[in-house]
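Notes follow once the structure below has been shown.
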Amino acid sequence: MNVEFTLLSVEQAFGDGRLGVIRKIGTKCPETAFAAALGGNGSWWLRSAAGYGDVCIVKEDGEHAVGYANAGGGLRPAFACDDVSQIAGGLAKDVTGCWLVEYGEYPQALAEKMIGRFLEDEYGLGMLRKTGKTYLDAYEEFEYKGNKFVRVKPEDERAKWFEVAPLQWYYDEEEGLLISKNIVSFVKEYCLDNHYGGEFEKTEAYRFLNGGFAKDIVPSVIREMTAEEQAEYDAYIERAEARRNPYDLTFKQVTEEDIIRGAIESDIAVFLHGPSSEGKSARIRQIDPTCEIIYLRNATPDSLNGRSVYNQDTGEMIDLPPTWYKKVVAKCEAEPDKLHVVFFDEINNALPSIQGMAFNIVLDKEVNGLWKLPENARVVAAGNDMQDSIAANQLAAPFFNRFAHVYINTTTEKWLDWAREYDIHPAIYSFIAYKRGETLRSTYDGEKPNADPRKWEMASKMLYATGCPEMLRSLIGEEITEEFVRFCSKPVITLERVLAGDYTEQEIAELDTAERYATAIGLSQAGEEQAEVASAFVRKLGPEFLAVFDSLRGQGGSRLW
């Protein structure tokens, strides 16, 4: 198939007659990690002149702007195609309702950290298998376990490895035009002449797109190895991986929860940092539902350290342990094979004297120098950093250094994982996922309610109790509540109805794209025993919605965020 690559014009991107695809997806465009490594900054060139010798560009925020003709920038290629069936990748709609097609392949995302380390080690030994292809006449392509990678070594930086993957293109049916889903590459100079008059065919960008880029996106063909070569290659991979792991360790990405559990199991006190709405105590309750929580901001010396009382019968002073300590001892003795958490919350909002008492408990595993914590008791602390709370006090260095530190960041992905497990109301779960996390938080102004992860948990309880979405404005504010009410008014098929078989094929056929998307998202909250039935139903909605369902459940590669 003969292709002539071009860029969009300003009229196609911003005019009254802009492309239908652009009307649906907007002008904001993600940049691949490879394009960023080449020098990209999130903006992309158009082919239209802007006057005074300049060129039109689209900024990172999607706004129209002007750039110098002899400057560098990102490329979002497009090309005409009257018969899209010629494209080998076939067609499928994404969640916006736009057609997506695969054509060509190019370096795009950063390789996973551990794979990147392995590739760099083997590259240094000269052991990686080359495919024979080079990108931009500078970056060789290597094969590892059936996948392709390129290495980029910026000046004065560590080398980075990028995985080669199929390029995805939006198809505008009305114009017969394919537009790259991402900013995929970068040119150092749009035009050698610093005065651009709109003759795109004379620019460096055009020459690059229809020269090096057109050549580079043709997939490399890796020669099949003979049986002997394959056996030798497999043996090499096995030896190489063993060489990199002489201590038989497990190399994997770990979550915040993994680190918290690891510290607790290792009997290392752990400190959770983050704003008050990030669910620090909820994470500890996931690990130990019966954890003993002590709010140090309100603690007194007696409530934390115990007290001495006078015994009139004996004339002696008697030391009485604090109530929380007695509860912990009782739980630890009742379940000696289980770890029990003592959770000091708001520790850096406490008075310095209370912090000092807590420090002794952390340091010596002892209360008031008199009562030892049980062997199966573990200490976790949490607090707001000084930039998150005006009432927070700086922790003393010796105290700070006694902890493993975990910085809590509740992403939309993590919140949805938690919400699925903890029975958050399906309408709230679906709404947060549908809005791609835009409504998970709103700005706190001290005057009106704002949304945050904790408020949505409270909203779920209120919605279960009352069944009235309008109630939520007291928790998350009027504006987000209005959006939520509109969302709840969409006709969707709920998990309850799917499990009961309470739907018709006609009802499915009448769902529009947004309603199918909302339905697929809602069904992704299904439990493990319900997932097969839910997945089978989502297949009826279409392959693009099944991809959304699988992605939210962590089965289908990269997630939405």
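So you can find residues: chains in the structure tokens are A, B, ... in the order shown, residues in each start at 1, and ligands are numbered from 1 in order.
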
Determine, using only C-alpha atoms, which residues of stretch 68-141 of chain A have any atom at most 10 Å from an atom of stretch 38-56 of chain A, and tabulate each with its shortest atom pair and distance in Å to one decimal place, rows ordered by chain and then rising number, as a Markdown table.
| residue | atom | partner | partner_atom | distance |
| --- | --- | --- | --- | --- |
| A:Tyr68 | CA | A:Asp54 | CA | 5.0 |
| A:Ala69 | CA | A:Asp54 | CA | 5.2 |
| A:Asn70 | CA | A:Asp54 | CA | 8.7 |
| A:Ala71 | CA | A:Val55 | CA | 9.7 |
| A:Gly72 | CA | A:Gly39 | CA | 8.1 |
| A:Gly73 | CA | A:Gly40 | CA | 5.9 |
| A:Gly74 | CA | A:Trp44 | CA | 4.4 |
| A:Leu75 | CA | A:Trp44 | CA | 5.5 |
| A:Arg76 | CA | A:Trp44 | CA | 6.4 |
| A:Pro77 | CA | A:Trp45 | CA | 9.4 |

Same residues, all heavy atoms, output as a PDB file, in the first residue's frame:
ATOM      1  N   TYR A  68       7.960  28.564  15.950  1.00  0.00           N
ATOM      2  CA  TYR A  68       8.948  28.977  14.949  1.00  0.00           C
ATOM      3  C   TYR A  68       9.173  27.860  13.943  1.00  0.00           C
ATOM      4  O   TYR A  68       9.245  26.676  14.302  1.00  0.00           O
ATOM      5  CB  TYR A  68      10.276  29.340  15.616  1.00  0.00           C
ATOM      6  CG  TYR A  68      10.197  30.576  16.481  1.00  0.00           C
ATOM      7  CD1 TYR A  68      10.404  30.496  17.850  1.00  0.00           C
ATOM      8  CD2 TYR A  68       9.905  31.814  15.917  1.00  0.00           C
ATOM      9  CE1 TYR A  68      10.336  31.620  18.651  1.00  0.00           C
ATOM     10  CE2 TYR A  68       9.835  32.957  16.717  1.00  0.00           C
ATOM     11  CZ  TYR A  68      10.049  32.847  18.082  1.00  0.00           C
ATOM     12  OH  TYR A  68       9.966  33.967  18.867  1.00  0.00           O
ATOM     13  N   ALA A  69       9.324  28.223  12.677  1.00  0.00           N
ATOM     14  CA  ALA A  69       9.445  27.230  11.611  1.00  0.00           C
ATOM     15  C   ALA A  69      10.730  26.420  11.703  1.00  0.00           C
ATOM     16  O   ALA A  69      10.784  25.283  11.223  1.00  0.00           O
ATOM     17  CB  ALA A  69       9.346  27.913  10.250  1.00  0.00           C
ATOM     18  N   ASN A  70      11.777  26.998  12.272  1.00  0.00           N
ATOM     19  CA  ASN A  70      13.042  26.263  12.330  1.00  0.00           C
ATOM     20  C   ASN A  70      13.267  25.625  13.703  1.00  0.00           C
ATOM     21  O   ASN A  70      14.382  25.268  14.060  1.00  0.00           O
ATOM     22  CB  ASN A  70      14.216  27.185  11.975  1.00  0.00           C
ATOM     23  CG  ASN A  70      14.340  28.370  12.922  1.00  0.00           C
ATOM     24  OD1 ASN A  70      13.442  28.624  13.721  1.00  0.00           O
ATOM     25  ND2 ASN A  70      15.445  29.094  12.829  1.00  0.00           N
ATOM     26  N   ALA A  71      12.191  25.476  14.483  1.00  0.00           N
ATOM     27  CA  ALA A  71      12.295  24.819  15.788  1.00  0.00           C
ATOM     28  C   ALA A  71      11.850  23.362  15.673  1.00  0.00           C
ATOM     29  O   ALA A  71      11.282  22.943  14.667  1.00  0.00           O
ATOM     30  CB  ALA A  71      11.433  25.556  16.817  1.00  0.00           C
ATOM     31  N   GLY A  72      12.120  22.581  16.728  1.00  0.00           N
ATOM     32  CA  GLY A  72      11.734  21.177  16.739  1.00  0.00           C
ATOM     33  C   GLY A  72      10.384  20.977  17.388  1.00  0.00           C
ATOM     34  O   GLY A  72       9.891  21.843  18.113  1.00  0.00           O
ATOM     35  N   GLY A  73       9.786  19.813  17.120  1.00  0.00           N
ATOM     36  CA  GLY A  73       8.495  19.540  17.729  1.00  0.00           C
ATOM     37  C   GLY A  73       7.997  18.141  17.425  1.00  0.00           C
ATOM     38  O   GLY A  73       8.605  17.386  16.656  1.00  0.00           O
ATOM     39  N   GLY A  74       6.866  17.803  18.030  1.00  0.00           N
ATOM     40  CA  GLY A  74       6.300  16.470  17.910  1.00  0.00           C
ATOM     41  C   GLY A  74       5.499  16.289  16.642  1.00  0.00           C
ATOM     42  O   GLY A  74       4.910  17.235  16.105  1.00  0.00           O
ATOM     43  N   LEU A  75       5.443  15.047  16.178  1.00  0.00           N
ATOM     44  CA  LEU A  75       4.740  14.717  14.947  1.00  0.00           C
ATOM     45  C   LEU A  75       3.595  13.748  15.240  1.00  0.00           C
ATOM     46  O   LEU A  75       3.793  12.711  15.871  1.00  0.00           O
ATOM     47  CB  LEU A  75       5.694  14.077  13.935  1.00  0.00           C
ATOM     48  CG  LEU A  75       6.821  14.972  13.424  1.00  0.00           C
ATOM     49  CD1 LEU A  75       7.713  14.192  12.479  1.00  0.00           C
ATOM     50  CD2 LEU A  75       6.266  16.204  12.718  1.00  0.00           C
ATOM     51  N   ARG A  76       2.430  14.126  14.750  1.00  0.00           N
ATOM     52  CA  ARG A  76       1.253  13.262  14.801  1.00  0.00           C
ATOM     53  C   ARG A  76       0.821  13.024  13.345  1.00  0.00           C
ATOM     54  O   ARG A  76       0.031  13.777  12.792  1.00  0.00           O
ATOM     55  CB  ARG A  76       0.135  13.935  15.585  1.00  0.00           C
ATOM     56  CG  ARG A  76      -1.071  13.042  15.789  1.00  0.00           C
ATOM     57  CD  ARG A  76      -2.215  13.763  16.478  1.00  0.00           C
ATOM     58  NE  ARG A  76      -3.238  12.824  16.886  1.00  0.00           N
ATOM     59  CZ  ARG A  76      -4.365  13.167  17.482  1.00  0.00           C
ATOM     60  NH1 ARG A  76      -4.625  14.440  17.722  1.00  0.00           N
ATOM     61  NH2 ARG A  76      -5.248  12.235  17.816  1.00  0.00           N
ATOM     62  N   PRO A  77       1.341  11.972  12.724  1.00  0.00           N
ATOM     63  CA  PRO A  77       1.138  11.795  11.287  1.00  0.00           C
ATOM     64  C   PRO A  77      -0.323  11.482  10.942  1.00  0.00           C
ATOM     65  O   PRO A  77      -1.108  11.014  11.776  1.00  0.00           O
ATOM     66  CB  PRO A  77       2.030  10.601  10.936  1.00  0.00           C
ATOM     67  CG  PRO A  77       2.917  10.399  12.121  1.00  0.00           C
ATOM     68  CD  PRO A  77       2.181  10.928  13.296  1.00  0.00           C
TER      69      PRO A  77
END

Checklist line | A:Phe208 environment, 12 Å, only C-alpha atoms, sequence neighbours closer than 4 positions dropped, as a ChimeraX atom specification | finding: /A:4-7,75,77,135-137,185-191,200-204,212-216

Using only N, CA and C atoms, please write the residues we just selected to a file, as a compact mmCIF listing (two decimals), in the first residue's frame.
# COMPACT_ATOMS: atom_id res chain seq x y z
N GLU A 4 1.20 8.40 1.55
CA GLU A 4 1.87 9.69 1.66
C GLU A 4 1.45 10.32 2.98
N PHE A 5 2.41 10.46 3.88
CA PHE A 5 2.11 11.01 5.20
C PHE A 5 2.04 12.53 5.16
N THR A 6 1.18 13.06 5.98
CA THR A 6 1.04 14.51 6.09
C THR A 6 0.75 14.83 7.55
N LEU A 7 0.46 16.10 7.84
CA LEU A 7 0.00 16.53 9.15
C LEU A 7 -1.37 17.17 8.98
N LEU A 75 5.44 15.05 16.18
CA LEU A 75 4.74 14.72 14.95
C LEU A 75 3.59 13.75 15.24
N PRO A 77 1.34 11.97 12.72
CA PRO A 77 1.14 11.80 11.29
C PRO A 77 -0.32 11.48 10.94
N TYR A 135 16.16 2.32 13.67
CA TYR A 135 15.21 3.43 13.62
C TYR A 135 15.98 4.75 13.60
N LEU A 136 15.50 5.67 12.75
CA LEU A 136 16.09 7.01 12.63
C LEU A 136 17.58 6.93 12.31
N ASP A 137 17.99 5.81 11.69
CA ASP A 137 19.39 5.57 11.33
C ASP A 137 20.31 5.66 12.54
N SER A 185 6.64 10.73 17.12
CA SER A 185 8.04 11.00 16.83
C SER A 185 8.30 12.50 16.94
N PHE A 186 9.48 12.91 16.53
CA PHE A 186 9.95 14.27 16.78
C PHE A 186 10.93 14.66 15.68
N VAL A 187 10.84 15.92 15.23
CA VAL A 187 11.85 16.44 14.30
C VAL A 187 12.55 17.62 14.96
N LYS A 188 13.85 17.70 14.75
CA LYS A 188 14.61 18.79 15.35
C LYS A 188 14.32 20.13 14.70
N GLU A 189 13.97 20.10 13.41
CA GLU A 189 13.63 21.33 12.69
C GLU A 189 12.43 21.04 11.80
N TYR A 190 11.38 21.82 11.95
CA TYR A 190 10.22 21.65 11.10
C TYR A 190 10.56 22.05 9.67
N CYS A 191 11.32 23.13 9.57
CA CYS A 191 11.68 23.66 8.25
C CYS A 191 13.06 24.29 8.38
N PHE A 200 4.18 22.66 2.60
CA PHE A 200 4.54 21.57 3.51
C PHE A 200 5.48 20.56 2.86
N GLU A 201 5.30 20.32 1.53
CA GLU A 201 6.12 19.31 0.84
C GLU A 201 7.60 19.68 0.82
N LYS A 202 7.93 20.93 1.15
CA LYS A 202 9.33 21.37 1.13
C LYS A 202 9.95 21.39 2.53
N THR A 203 9.23 20.92 3.52
CA THR A 203 9.72 20.99 4.90
C THR A 203 10.50 19.75 5.30
N GLU A 204 11.30 19.88 6.34
CA GLU A 204 12.00 18.74 6.91
C GLU A 204 11.01 17.74 7.51
N GLY A 212 12.42 8.66 6.32
CA GLY A 212 12.81 7.79 7.42
C GLY A 212 11.65 7.15 8.16
N PHE A 213 10.62 7.94 8.47
CA PHE A 213 9.49 7.40 9.23
C PHE A 213 8.76 6.32 8.43
N ALA A 214 8.47 6.61 7.15
CA ALA A 214 7.76 5.63 6.31
C ALA A 214 8.54 4.33 6.23
N LYS A 215 9.86 4.42 6.19
CA LYS A 215 10.70 3.23 6.14
C LYS A 215 10.72 2.52 7.49
N ASP A 216 10.80 3.30 8.55
CA ASP A 216 10.98 2.71 9.88
C ASP A 216 9.74 1.98 10.39

Next item on the list: Do a neighbour search on A:Gly542 at 10 Å with only C-alpha atoms, toss out local chain neighbours closer than 5 positions, and write the hits as JSON, numbers by chain.
Entry: {"A": [92, 93, 94, 513, 516, 517, 520, 537, 547]}

Show which residues sit within 10 Å of stretch 495-501 of chain A, as an mmCIF file with C-alpha atoms, in the first residue's frame. Count only C-alpha atoms, and ignore same-chain residues fewer than 4 positions away.
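Everything below was put into part-v3.cif:
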data_model
loop_
_atom_site.group_PDB
_atom_site.id
_atom_site.type_symbol
_atom_site.label_atom_id
_atom_site.label_comp_id
_atom_site.auth_asym_id
_atom_site.auth_seq_id
_atom_site.Cartn_x
_atom_site.Cartn_y
_atom_site.Cartn_z
ATOM 1 C CA PRO A 426 -21.879 0.276 41.850
ATOM 2 C CA THR A 519 -22.471 -0.747 31.276
ATOM 3 C CA ALA A 520 -19.075 -2.401 30.692
ATOM 4 C CA GLY A 522 -20.259 -1.173 35.916
ATOM 5 C CA LEU A 523 -19.921 -4.893 35.184
ATOM 6 C CA SER A 524 -16.168 -4.757 35.822
ATOM 7 C CA GLN A 525 -17.028 -4.528 39.532
ATOM 8 C CA ALA A 526 -18.141 -8.177 39.425
ATOM 9 C CA GLN A 530 -19.412 -13.522 38.779
ATOM 10 C CA ALA A 531 -16.704 -12.444 36.337
ATOM 11 C CA VAL A 533 -20.979 -14.323 33.359
ATOM 12 C CA ALA A 534 -20.232 -10.588 33.268
ATOM 13 C CA ALA A 536 -19.729 -13.146 28.447
ATOM 14 C CA PHE A 537 -22.353 -10.394 28.528
ATOM 15 C CA VAL A 538 -19.828 -7.626 27.729
#

Checklist line | Computed interatomic separation between atom CA of A:Ala334 and atom CA of A:Phe359 (Å) | finding: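 Atom-to-atom, atom CA of A:Ala334 to atom CA of A:Phe359, that is 26.9 Å.
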
Next item on the list: Would you mind listing what lies within 12 Å of stretch 435-441 of chain A as a ChimeraX atom specification, with only C-alpha atoms counted and same-chain residues fewer than 3 positions away left out?
Entry: /A:95,277-278,410-416,428-432,444,449-457,459,475-477,479-484,487,514,517-518,521,548,552,559-561

Restricted to N, CA and C atoms, what would the selected residues look like written as a CSV table (one decimal), in the first residue's frame?
chain,number,residue,atom,x,y,z
A,95,VAL,N,-13.5,3.5,23.2
A,95,VAL,CA,-14.6,4.0,24.1
A,95,VAL,C,-15.2,5.3,23.6
A,277,SER,N,-7.2,12.5,53.4
A,277,SER,CA,-8.3,11.8,52.6
A,277,SER,C,-7.7,10.6,51.8
A,278,GLU,N,-6.5,10.2,52.0
A,278,GLU,CA,-5.9,9.2,51.1
A,278,GLU,C,-6.1,7.8,51.5
A,410,THR,N,-3.2,7.8,46.2
A,410,THR,CA,-4.4,7.1,45.8
A,410,THR,C,-4.7,7.5,44.4
A,411,THR,N,-4.3,6.6,43.4
A,411,THR,CA,-4.6,6.9,42.0
A,411,THR,C,-6.0,6.4,41.8
A,412,THR,N,-6.6,6.8,40.6
A,412,THR,CA,-7.9,6.3,40.3
A,412,THR,C,-7.9,4.7,40.2
A,413,GLU,N,-6.9,4.2,39.5
A,413,GLU,CA,-6.7,2.8,39.4
A,413,GLU,C,-6.8,2.1,40.7
A,414,LYS,N,-6.0,2.6,41.7
A,414,LYS,CA,-5.9,1.9,43.0
A,414,LYS,C,-7.3,2.1,43.7
A,415,TRP,N,-7.9,3.2,43.6
A,415,TRP,CA,-9.2,3.4,44.2
A,415,TRP,C,-10.2,2.5,43.7
A,416,LEU,N,-10.2,2.3,42.4
A,416,LEU,CA,-11.2,1.3,41.8
A,416,LEU,C,-11.0,-0.1,42.2
A,428,ILE,N,-21.5,4.6,42.1
A,428,ILE,CA,-20.3,5.5,42.3
A,428,ILE,C,-19.1,4.9,41.7
A,429,TYR,N,-18.9,3.6,41.8
A,429,TYR,CA,-17.8,2.9,41.1
A,429,TYR,C,-17.8,3.2,39.6
A,430,SER,N,-18.9,3.0,39.0
A,430,SER,CA,-19.1,3.2,37.5
A,430,SER,C,-18.8,4.7,37.2
A,431,PHE,N,-19.3,5.6,38.0
A,431,PHE,CA,-19.2,7.0,37.7
A,431,PHE,C,-17.7,7.5,37.7
A,432,ILE,N,-17.0,7.0,38.8
A,432,ILE,CA,-15.6,7.4,38.9
A,432,ILE,C,-14.8,6.8,37.7
A,444,TYR,N,-10.5,21.8,47.5
A,444,TYR,CA,-11.1,22.3,48.8
A,444,TYR,C,-10.9,23.8,48.9
A,449,PRO,N,-18.5,21.8,50.2
A,449,PRO,CA,-18.0,20.4,50.2
A,449,PRO,C,-17.1,20.1,48.9
A,450,ASN,N,-16.1,19.3,49.1
A,450,ASN,CA,-15.3,18.8,48.0
A,450,ASN,C,-15.2,17.3,48.0
A,451,ALA,N,-14.9,16.8,46.8
A,451,ALA,CA,-14.8,15.3,46.6
A,451,ALA,C,-13.3,14.9,46.9
A,452,ASP,N,-13.2,13.7,47.6
A,452,ASP,CA,-11.9,13.1,47.7
A,452,ASP,C,-12.2,11.6,48.0
A,453,PRO,N,-11.2,10.7,48.0
A,453,PRO,CA,-11.4,9.3,48.2
A,453,PRO,C,-12.3,9.0,49.4
A,454,ARG,N,-12.0,9.6,50.5
A,454,ARG,CA,-12.8,9.3,51.7
A,454,ARG,C,-14.2,9.8,51.6
A,455,LYS,N,-14.4,10.9,51.0
A,455,LYS,CA,-15.8,11.4,50.8
A,455,LYS,C,-16.6,10.5,49.9
A,456,TRP,N,-16.0,9.9,48.9
A,456,TRP,CA,-16.7,8.9,48.0
A,456,TRP,C,-17.1,7.7,48.8
A,457,GLU,N,-16.3,7.3,49.8
A,457,GLU,CA,-16.6,6.1,50.6
A,457,GLU,C,-17.9,6.5,51.5
A,459,ALA,N,-20.0,8.8,50.6
A,459,ALA,CA,-21.2,8.9,49.7
A,459,ALA,C,-21.8,7.5,49.4
A,475,LEU,N,-21.9,16.1,50.6
A,475,LEU,CA,-20.5,15.5,50.8
A,475,LEU,C,-19.6,15.9,49.7
A,476,ILE,N,-20.0,15.9,48.4
A,476,ILE,CA,-19.1,16.1,47.3
A,476,ILE,C,-19.4,17.4,46.6
A,477,GLY,N,-20.4,18.2,47.0
A,477,GLY,CA,-20.6,19.4,46.3
A,477,GLY,C,-21.7,19.3,45.3
A,479,GLU,N,-21.9,20.7,42.1
A,479,GLU,CA,-21.5,20.5,40.7
A,479,GLU,C,-21.3,19.0,40.4
A,480,ILE,N,-20.5,18.3,41.2
A,480,ILE,CA,-20.2,16.9,40.9
A,480,ILE,C,-21.5,16.1,41.1
A,481,THR,N,-22.3,16.5,42.1
A,481,THR,CA,-23.5,15.7,42.3
A,481,THR,C,-24.4,15.8,41.1
A,482,GLU,N,-24.5,17.0,40.5
A,482,GLU,CA,-25.3,17.1,39.2
A,482,GLU,C,-24.8,16.2,38.1
A,483,GLU,N,-23.4,16.1,38.0
A,483,GLU,CA,-22.9,15.2,37.0
A,483,GLU,C,-23.2,13.8,37.3
A,484,PHE,N,-23.2,13.4,38.6
A,484,PHE,CA,-23.5,12.1,39.1
A,484,PHE,C,-24.9,11.7,38.8
A,487,PHE,N,-25.3,11.0,35.2
A,487,PHE,CA,-24.8,9.7,34.9
A,487,PHE,C,-25.7,8.6,35.3
A,514,ALA,N,-21.9,5.5,24.6
A,514,ALA,CA,-21.7,6.0,26.0
A,514,ALA,C,-22.3,5.0,27.0
A,517,TYR,N,-20.4,1.8,27.2
A,517,TYR,CA,-19.2,2.0,27.9
A,517,TYR,C,-19.5,2.0,29.4
A,518,ALA,N,-20.6,2.7,29.8
A,518,ALA,CA,-21.0,2.8,31.2
A,518,ALA,C,-21.4,1.4,31.7
A,521,ILE,N,-18.2,-0.8,32.3
A,521,ILE,CA,-17.5,-0.3,33.5
A,521,ILE,C,-18.2,-0.8,34.7
A,548,VAL,N,-12.2,-2.7,27.6
A,548,VAL,CA,-12.4,-1.8,28.7
A,548,VAL,C,-12.6,-2.7,30.0
A,552,LEU,N,-10.0,-2.8,33.2
A,552,LEU,CA,-10.3,-2.4,34.6
A,552,LEU,C,-10.1,-3.6,35.5
A,559,ARG,N,-4.0,-0.4,31.7
A,559,ARG,CA,-5.3,0.0,32.1
A,559,ARG,C,-5.6,1.4,31.5
A,560,LEU,N,-6.7,1.9,31.8
A,560,LEU,CA,-7.2,3.2,31.2
A,560,LEU,C,-6.3,4.4,31.7
A,561,TRP,N,-5.7,4.3,32.9
A,561,TRP,CA,-5.0,5.4,33.4
A,561,TRP,C,-3.5,5.1,33.5

So that each row is one residue of stretch 26-76 of chain A with an atom at most 9 Å from stretch 109-132 of chain A, can you give its shortest atom pair and the distance in Å to one decimal, using only C-alpha atoms, rows by chain and rising number, as JSON lines?
{"residue": "A:Thr32", "atom": "CA", "partner": "A:Ala109", "partner_atom": "CA", "distance": 6.1}
{"residue": "A:Ala33", "atom": "CA", "partner": "A:Ala109", "partner_atom": "CA", "distance": 5.2}
{"residue": "A:Phe34", "atom": "CA", "partner": "A:Ala109", "partner_atom": "CA", "distance": 6.4}

Note to self: Could you check the closest approach to A:Lys327 for each of A:Thr290, A:Asn368, A:Ser281, A:Ser474 and tell me which residue wins, using only C-alpha atoms?
What the structure shows: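 Smallest distance to A:Lys327 is found for A:Thr290.
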
Note to self: For the structure I just gave you, how does DSSP split stretch 375-537 of chain A - specifically, which residues are strand (DSSP E)? Reply as a PyMOL selection string.
What the structure shows: chain A and resi 377-383+404-407

Margin query: Just to confirm, what's the straight-line distance from atom CA of A:Tyr170 to atom CA of A:Leu100 in Å (one decimal)?
Written below: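 Computing the Euclidean distance for atom CA of A:Tyr170 and atom CA of A:Leu100 yields 4.7 Å.
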
Next item on the list: Could you pull out the residues in stretch 87-298 of chain A that DSSP calls alpha helix (DSSP H) from the backbone, as a VMD selection string?
Entry: chain A and resid 113 to 124 204 to 208 214 to 216 227 to 243 256 to 265 280 to 287

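Residues in contact with A:Tyr171 at up to 10 Å, not including ones fewer than 4 positions away on its chain and judged by only C-alpha atoms, are Gly20, Val21, Ala78, Phe79, Ala80, Cys81, Val84, Leu91, Ala92, Lys93, Cys98, Trp99, Leu100, Val101, Glu175, Gly176, Leu177, Leu178, Ile179, Ser180 and Lys181 of chain A.
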
Next item on the list: Work out how far apart atom CA of A:Val379 and atom CA of A:Pro336 are and give it in Å to one decimal.
Entry: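 Going from atom CA of A:Val379 over to atom CA of A:Pro336, I get 16.3 Å.
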
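Ranking A:Glu478, A:Glu63, A:Glu173, A:Asp267 by their shortest atom-to-atom distance to A:Leu19, with only C-alpha atoms included, puts A:Glu173 first.
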
Item checked: Who sits within 12 Å of A:Arg158, only C-alpha atoms, same chain under 3 positions skipped, as a count of residues only -> 10
